[in-house]
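What follows is the content of my_file_3.pdb (PDB, C-alpha atoms).
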```pdb
ATOM      1  CA  MET B  21      46.895  20.511  41.435
ATOM      2  CA  ALA B  22      46.183  24.217  41.835
ATOM      3  CA  SER B  23      45.663  26.079  38.571
ATOM      4  CA  GLY B  24      45.072  29.713  39.454
ATOM      5  CA  TRP B  25      41.424  30.721  39.426
ATOM      6  CA  ALA B  26      40.067  27.450  38.064
ATOM      7  CA  ARG B  27      38.516  25.006  40.494
ATOM      8  CA  ASP B  28      39.808  21.459  40.817
ATOM      9  CA  GLY B  29      38.663  19.298  37.918
ATOM     10  CA  ALA B  30      37.903  22.230  35.590
ATOM     11  CA  VAL B  31      40.314  20.989  32.945
ATOM     12  CA  GLN B  32      38.721  17.548  32.955
ATOM     13  CA  ASP B  33      35.281  19.166  32.695
ATOM     14  CA  GLN B  34      36.448  21.009  29.566
ATOM     15  CA  ILE B  35      37.782  17.792  28.068
ATOM     16  CA  ASP B  36      34.557  15.925  28.867
ATOM     17  CA  ALA B  37      32.439  18.705  27.356
ATOM     18  CA  SER B  38      34.543  18.724  24.174
ATOM     19  CA  VAL B  39      34.176  14.951  23.812
ATOM     20  CA  GLU B  40      30.410  15.139  24.395
ATOM     21  CA  GLU B  41      30.045  17.869  21.763
ATOM     22  CA  ALA B  42      32.038  15.832  19.248
ATOM     23  CA  LEU B  43      29.898  12.756  19.914
ATOM     24  CA  GLU B  44      26.706  14.774  19.524
ATOM     25  CA  GLN B  45      27.914  16.140  16.175
ATOM     26  CA  VAL B  46      28.669  12.613  14.955
ATOM     27  CA  ARG B  47      25.287  11.323  16.138
ATOM     28  CA  ASN B  48      23.533  14.143  14.281
ATOM     29  CA  ARG B  49      25.367  13.275  11.061
ATOM     30  CA  LEU B  50      24.349   9.613  11.147
ATOM     31  CA  ASN B  51      21.931   8.668   8.424
ATOM     32  CA  LYS B  52      18.440   7.579   9.381
ATOM     33  CA  GLY B  53      15.663   5.961   7.406
ATOM     34  CA  GLU B  54      15.791   4.180   4.087
ATOM     35  CA  SER B  55      18.774   4.263   1.776
ATOM     36  CA  ALA B  56      18.410   6.006  -1.553
ATOM     37  CA  GLU B  57      18.845   3.966  -4.721
ATOM     38  CA  PHE B  58      20.462   6.908  -6.514
ATOM     39  CA  CYS B  59      22.902   9.501  -5.176
ATOM     40  CA  VAL B  60      21.175  12.784  -4.304
ATOM     41  CA  GLU B  61      24.176  14.753  -5.626
ATOM     42  CA  CYS B  62      25.199  13.088  -8.907
ATOM     43  CA  ASP B  63      22.187  10.782  -9.533
ATOM     44  CA  LEU B  64      24.402   7.713 -10.071
ATOM     45  CA  PRO B  65      23.110   4.402  -8.691
ATOM     46  CA  ILE B  66      24.253   3.478  -5.177
ATOM     47  CA  PRO B  67      25.390  -0.177  -5.061
ATOM     48  CA  GLU B  68      23.187  -2.581  -3.087
ATOM     49  CA  VAL B  69      26.149  -3.563  -0.905
ATOM     50  CA  ARG B  70      26.609   0.062   0.215
ATOM     51  CA  ARG B  71      22.889   0.544   0.847
ATOM     52  CA  THR B  72      22.877  -2.584   3.024
ATOM     53  CA  ALA B  73      26.087  -1.723   4.890
ATOM     54  CA  VAL B  74      25.180   1.927   5.593
ATOM     55  CA  PRO B  75      21.502   2.336   6.542
ATOM     56  CA  GLY B  76      20.025   5.605   5.312
ATOM     57  CA  VAL B  77      22.829   6.308   2.849
ATOM     58  CA  GLN B  78      22.019   9.122   0.433
ATOM     59  CA  HIS B  79      25.313   9.604  -1.443
ATOM     60  CA  CYS B  80      27.580   7.473  -3.601
ATOM     61  CA  ILE B  81      31.094   6.837  -2.311
ATOM     62  CA  SER B  82      32.761   9.608  -4.325
ATOM     63  CA  CYS B  83      30.198  12.260  -3.332
ATOM     64  CA  GLN B  84      30.364  11.143   0.305
ATOM     65  CA  ALA B  85      34.159  11.425   0.237
ATOM     66  CA  GLU B  86      33.898  15.006  -1.056
ATOM     67  CA  LEU B  87      31.387  15.914   1.658
ATOM     68  CA  GLU B  88      33.593  14.467   4.383
ATOM     69  CA  ALA B  89      36.687  16.229   3.038
ATOM     70  CA  THR B  90      34.983  19.630   3.167
ATOM     71  CA  ALA B  91      33.439  18.962   6.592
ATOM     72  CA  GLY B  92      36.774  17.893   8.075
ATOM     73  CA  ALA B  93      38.342  21.257   7.295
ATOM     74  CA  ASN B  94      36.119  22.947   9.900
ATOM     75  CA  SER B  95      36.733  20.647  12.864
ATOM     76  CA  ALA B  96      39.407  19.708  15.399
ATOM     77  CA  ILE B  97      39.748  23.117  17.035
ATOM     78  CA  ASN B  98      39.067  23.289  20.742
ATOM     79  CA  ARG B  99      37.920  26.872  21.218
ATOM     80  CA  ARG B 100      36.779  26.191  24.756
ATOM     81  CA  ALA B 101      40.364  25.939  26.037
ATOM     82  CA  SER B 102      42.026  28.584  23.871
ATOM     83  CA  LYS B 103      43.547  31.522  25.723
ATOM     84  CA  ASP B 104      41.926  34.022  23.355
ATOM     85  CA  SER B 105      38.437  32.875  24.323
ATOM     86  CA  GLN B 106      39.350  33.046  28.024
ATOM     87  CA  LEU B 107      40.409  36.670  27.720
ATOM     88  CA  ARG B 108      37.059  37.842  26.374
TER      89      ARG B 108
END
```

Whole structure given in structure tokens:
Amino acid sequence: MASGWARDGAVQDQIDASVEEALEQVRNRLNKGESAEFCVECDLPIPEVRRTAVPGVQHCISCQAELEATAGANSAINRRASKDSQLR
């Protein structure tokens, strides 16, 4: 399908790049190393079950939920395909 100035497959390349970037962000957020016994934010003990299930965990469930809620507000926008960024 012809799409103006874009070469064939350019749209799929944009989609692939967006997926790769999202995967890289998730990989960078994964915990590594030993799990903490106490939450680094609130200093409450982290249950053994959580430390075993999530290697490298550093936060209790409530603090982790807050971190994920604030981080989610900044994602899910594909700037690469927006018309504004193409006009610049």

* For the file shown, what are the residues hit by the PyMOL selection byres ((chain B and resi 44-60) around 7), laid out as a PyMOL selection string? -> chain B and resi 40-43+61-66+71+75-80

* Provide the CA of Asp36 (chain B) to CA of Ala91 (chain B) distance in Å, to one decimal place. =>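 So the answer is 22.5 Å.
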
* Mind giving me the straight-line distance from CA of Thr72 (chain B) to CA of Gln84 (chain B) in Å, one decimal? => 15.9 Å

* How far is it from CA of Glu68 (chain B) to CA of Glu88 (chain B), in Å with one decimal? -> 21.3 Å

To box region 36-41 of chain B, take all atoms listed in the file, fit an axis-aligned box, add 6 Å on each side, and give centre and edge lengths in Å to one decimal, as AutoDock Vina command-line options.
```
--center_x 32.3 --center_y 16.8 --center_z 25.3 --size_x 16.5 --size_y 15.8 --size_z 19.1
```
